[in-house]
Amino acid sequence: MGSKEIARVCLYGEHLAPAFHEFCRVIWPGSSPEIVPGQAIPASQVNRCQPSPSDAPTFVFLKDEKVIGHVTTIPVQLSIPSGIKAAHWIVGFMVLPEYRSGLVGPLLIKEVNCVLDCAMSLHVELPVLRILTGLKWVHKGVLPQYLRVMNARGVLENIQPSTVEAVSAGGRGSFLRPYLKGRFVRLIGSAGLALGQRLWWGMNCLARPKPTQADLQWEEAFDDSYTHLWQSVAGQLAATLVRDRAALESRYGGKIKGYRLLTCRSNGKLHGYCIVKLKQFVNDRRMGNMKLGTMVDCLYDPREPSVLHGLVAHVAQWARQEGVDALLCTASLKSIGQGLLRNGFFTIPGNLNFAYHSRSPLELEKISLDDWHLMRGDSDADQNF
């Protein structure tokens with residue numbers, strides 16, 4: 001008579017390193033080097049295969065000591081009207097394919113609900129949303145997404161039909177597939193897209209605020225002025241992650257060299273900043289060889305719309321100089337969306353679902369998605385592109 005299989009959810013520990021690396025090797029081929037039992041996880045390990053420290057628990061589902069499911073967390077401070085609340089993003093939620101129709105995923109999230117006081121998620125996959133809502137997570141909606149076309153021909157020559165379908169709810173963009181395959185159609189479409197972009201820019205000309213008189217400059221590090229900006233703005237935002245110097249350094253740290261940090265200052269005072277990520281795709285199955293700029297974070301005083309206008313206009317000028325085909329921004333805060341629209345962006349279907357679970361739901365349930373200050377980079381979601 002065979003021994004009974006033992007299955008359980010537990011927190012990651014160093015003794016699980018070999019099993020965890022085998023899980024990573026299956027899920028993300030090539031991302032996890034071979035290790036021997038007891039060997040420490042290399043510092044050079046890819047982030048998604050790097051279990052988090054003790055303040056950011058990683059949950060694993062074990063079946064006979066084999067890791068078959070995984071979800072890790074990123075600790076953050078959440079600012080809401082009642083004060084600062086400790087919270088976690090859940091990221092890297094993954095289950096081996098042969099177990100995805102079972103209870104592995106729900107049991108992992110059930111453990112997250114038990115251990116964490118407040119957990120949040122920005123995710124694309126609808127099966128994940130079904131698991132979360134089935135375990136009493138609140139789905140606030142899909143974050144609005146904005147696009148500014150800098151090079152219409154570059155966009156239409158590189159974008160793949162699957163990308164159009166991915167951002168079209170229920171795959172309603174599938175009717176475009178045969179048309180996007182024709183070069184002539186793409187050329188005509190690029191001319192129409194370029195004209196439409198110019199018309200949209202002109203239509204919003206009167207709505208744009210006066211140019212800011214502050215200085216716009218690129219920087220490479222954070223200082224105490226970011227904390228001062230955060231302290232002056234926090235009370236005006238209904239719900240947002242703390243964005244002081246410590247939080248920004250924790251989020252970007254040494255990785256800031258992979259981003260561009262634009263600031264708006266006058267006499268040394270910081271009025272706002274914008275963080276941009278540039279990515280050159282090469283033979284990508286969705287984006288072809290497109291060069292995409294993504295605004296992953298932005299903070300400014302909502303009472304000074306000219307600051308946002310200055311930041312966005314400067315980013316657009318830089319993007320044009322860098323040969324960027326399109327600028328993308330995913331942001332929930334209504335004032336940021338309005339500022340982007342006035343600066344030549346237009347809305348496209350979003351694909352990032354925001355959901356949360358809190359043991360004190362009354363603190364969050366009355367805050368609409370428009371009043372949350374969430375952006376693509378808040379939970380490493382910028383890595384999706």
# chains A, B, ... in the order shown; residues from 1 in each chain; ligands from 1

call {"tool": "residues_around", "arguments": {"residues": "Arg260 of chain A", "least_positions_apart": "3", "cutoff": "9 Å", "atoms": "only C-alpha atoms", "output": "PDB file with C-alpha atoms, in the first residue's frame"}}
result
ATOM      1  CA  TRP A 218      16.957  64.711 -15.454  1.00  0.00           C
ATOM      2  CA  GLU A 219      18.374  63.360 -12.184  1.00  0.00           C
ATOM      3  CA  GLU A 220      19.922  60.073 -11.104  1.00  0.00           C
ATOM      4  CA  ILE A 256      17.312  53.667 -11.120  1.00  0.00           C
ATOM      5  CA  LYS A 257      19.927  53.450 -13.881  1.00  0.00           C
ATOM      6  CA  CYS A 274       8.148  61.512 -13.396  1.00  0.00           C
ATOM      7  CA  ILE A 275       9.926  58.166 -13.808  1.00  0.00           C
ATOM      8  CA  VAL A 276      10.143  56.724 -17.309  1.00  0.00           C
ATOM      9  CA  LYS A 277      11.292  53.345 -18.572  1.00  0.00           C
ATOM     10  CA  LEU A 278      12.503  52.858 -22.135  1.00  0.00           C
TER      11      LEU A 278
END

call {"tool": "select_by_dssp", "arguments": {"residues": "segment 59-108 of chain A", "states": "strand (DSSP E)", "output": "VMD selection string"}}
result
chain A and resid 59 to 63 66 to 80 83 to 95

call {"tool": "write_last_selection", "arguments": {"atoms": "C-alpha atoms", "output": "PDB file, in the first residue's frame"}}
result
ATOM      1  CA  PHE A  59       4.213  31.333   0.117  1.00  0.00           C
ATOM      2  CA  VAL A  60       4.786  27.974  -1.561  1.00  0.00           C
ATOM      3  CA  PHE A  61       2.529  24.977  -2.062  1.00  0.00           C
ATOM      4  CA  LEU A  62       4.356  21.715  -1.397  1.00  0.00           C
ATOM      5  CA  LYS A  63       3.291  18.300  -2.573  1.00  0.00           C
ATOM      6  CA  LYS A  66       7.944  19.413  -4.428  1.00  0.00           C
ATOM      7  CA  VAL A  67       7.017  23.072  -5.019  1.00  0.00           C
ATOM      8  CA  ILE A  68       3.987  23.171  -7.314  1.00  0.00           C
ATOM      9  CA  GLY A  69       2.704  26.688  -6.565  1.00  0.00           C
ATOM     10  CA  HIS A  70       4.146  30.020  -5.492  1.00  0.00           C
ATOM     11  CA  VAL A  71       3.218  33.599  -4.633  1.00  0.00           C
ATOM     12  CA  THR A  72       5.516  36.212  -3.160  1.00  0.00           C
ATOM     13  CA  THR A  73       4.951  39.711  -1.792  1.00  0.00           C
ATOM     14  CA  ILE A  74       6.329  43.247  -1.823  1.00  0.00           C
ATOM     15  CA  PRO A  75       5.858  45.236   1.412  1.00  0.00           C
ATOM     16  CA  VAL A  76       4.589  48.806   1.011  1.00  0.00           C
ATOM     17  CA  GLN A  77       3.095  51.570   3.116  1.00  0.00           C
ATOM     18  CA  LEU A  78      -0.423  52.569   2.094  1.00  0.00           C
ATOM     19  CA  SER A  79      -1.580  56.120   2.806  1.00  0.00           C
ATOM     20  CA  ILE A  80      -5.334  56.479   3.371  1.00  0.00           C
ATOM     21  CA  GLY A  83      -3.354  57.143   8.398  1.00  0.00           C
ATOM     22  CA  ILE A  84      -0.523  54.936   7.152  1.00  0.00           C
ATOM     23  CA  LYS A  85      -1.363  51.262   6.784  1.00  0.00           C
ATOM     24  CA  ALA A  86       1.081  48.391   6.224  1.00  0.00           C
ATOM     25  CA  ALA A  87       0.236  46.464   3.065  1.00  0.00           C
ATOM     26  CA  HIS A  88       1.727  44.024   0.562  1.00  0.00           C
ATOM     27  CA  TRP A  89       1.508  43.548  -3.176  1.00  0.00           C
ATOM     28  CA  ILE A  90       1.212  39.917  -4.230  1.00  0.00           C
ATOM     29  CA  VAL A  91       3.398  39.128  -7.250  1.00  0.00           C
ATOM     30  CA  GLY A  92       4.697  36.049  -9.034  1.00  0.00           C
ATOM     31  CA  PHE A  93       1.461  34.108  -8.486  1.00  0.00           C
ATOM     32  CA  MET A  94       2.166  30.919 -10.428  1.00  0.00           C
ATOM     33  CA  VAL A  95       1.116  27.251 -10.365  1.00  0.00           C
TER      34      VAL A  95
END

call {"tool": "closest_residue", "arguments": {"among": "A:Gln217, A:Asn113, A:Ser101, A:Asn343", "to": "Cys264 of chain A", "atoms": "only C-alpha atoms"}}
result
A:Gln217

call {"tool": "closest_residue", "arguments": {"among": "A:Trp230, A:Trp137, A:Phe222, A:Tyr99", "to": "Leu262 of chain A", "atoms": "only C-alpha atoms"}}
result
A:Phe222

call {"tool": "closest_residue", "arguments": {"among": "A:Asn353, A:Leu311, A:Ile6, A:Lys255", "to": "Pro127 of chain A", "atoms": "only C-alpha atoms"}}
result
A:Asn353

call {"tool": "closest_residue", "arguments": {"among": "A:Val155, A:Val115, A:Ala221, A:Leu216", "to": "His314 of chain A", "atoms": "only C-alpha atoms"}}
result
A:Leu216

call {"tool": "residues_around", "arguments": {"residues": "Ser225 of chain A", "least_positions_apart": "4", "cutoff": "10 Å", "atoms": "only C-alpha atoms", "output": "list in words"}}
result
Leu229, Trp230, Gln231, Asp244, Arg245, Arg265, Gly268, Lys269, Leu270, His271 and Gly272 of chain A

call {"tool": "atom_distance", "arguments": {"atom1": "atom CA of Tyr252 of chain A", "atom2": "atom CA of Asp224 of chain A"}}
result
15.6 Å

call {"tool": "residues_around", "arguments": {"residues": "Asn158 of chain A", "least_positions_apart": "5", "cutoff": "7 Å", "atoms": "only C-alpha atoms", "output": "ChimeraX atom specification"}}
result
/A:287-290

call {"tool": "residues_around", "arguments": {"residues": "Lys136 of chain A", "least_positions_apart": "6", "cutoff": "10 Å", "atoms": "only C-alpha atoms", "output": "PDB file with N, CA and C atoms, in the first residue's frame"}}
result
ATOM      1  N   LYS A 110      -5.704  31.823   0.025  1.00  0.00           N
ATOM      2  CA  LYS A 110      -6.344  31.708   1.339  1.00  0.00           C
ATOM      3  C   LYS A 110      -5.327  31.911   2.450  1.00  0.00           C
ATOM      4  N   ASN A 113      -4.554  35.569   2.743  1.00  0.00           N
ATOM      5  CA  ASN A 113      -5.611  36.246   3.505  1.00  0.00           C
ATOM      6  C   ASN A 113      -5.431  36.074   5.007  1.00  0.00           C
ATOM      7  N   ALA A 355      -7.173  44.665  -7.414  1.00  0.00           N
ATOM      8  CA  ALA A 355      -8.008  44.026  -6.397  1.00  0.00           C
ATOM      9  C   ALA A 355      -7.267  44.057  -5.069  1.00  0.00           C
ATOM     10  N   TYR A 356      -8.016  44.017  -3.978  1.00  0.00           N
ATOM     11  CA  TYR A 356      -7.372  44.029  -2.667  1.00  0.00           C
ATOM     12  C   TYR A 356      -8.188  43.201  -1.676  1.00  0.00           C
ATOM     13  N   HIS A 357      -7.498  42.814  -0.597  1.00  0.00           N
ATOM     14  CA  HIS A 357      -8.141  42.136   0.526  1.00  0.00           C
ATOM     15  C   HIS A 357      -7.673  42.817   1.799  1.00  0.00           C
ATOM     16  N   SER A 358      -8.611  43.220   2.634  1.00  0.00           N
ATOM     17  CA  SER A 358      -8.253  43.912   3.873  1.00  0.00           C
ATOM     18  C   SER A 358      -9.116  43.407   5.015  1.00  0.00           C
TER      19      SER A 358
END

call {"tool": "closest_residue", "arguments": {"among": "A:Val124, A:Leu369, A:Leu11, A:Ala214", "to": "Asn267 of chain A", "atoms": "only C-alpha atoms"}}
result
A:Ala214

call {"tool": "residues_around", "arguments": {"residues": "Trp372 of chain A", "least_positions_apart": "5", "cutoff": "7 Å", "atoms": "only C-alpha atoms", "output": "PyMOL selection string"}}
result
chain A and resi 238-240+332-333

call {"tool": "closest_residue", "arguments": {"among": "A:Ser232, A:His139, A:Cys10, A:Val104", "to": "Arg303 of chain A", "atoms": "only C-alpha atoms"}}
result
A:Ser232

call {"tool": "residues_around", "arguments": {"residues": "Ser82 of chain A", "least_positions_apart": "5", "cutoff": "12 Å", "atoms": "only C-alpha atoms", "output": "list in words"}}
result
Gly235, Leu237, Ala238, Ala239, Ser360, Leu362, Glu363 and Leu364 of chain A

call {"tool": "atom_distance", "arguments": {"atom1": "atom CA of Arg148 of chain A", "atom2": "atom CA of Thr330 of chain A"}}
result
11.8 Å
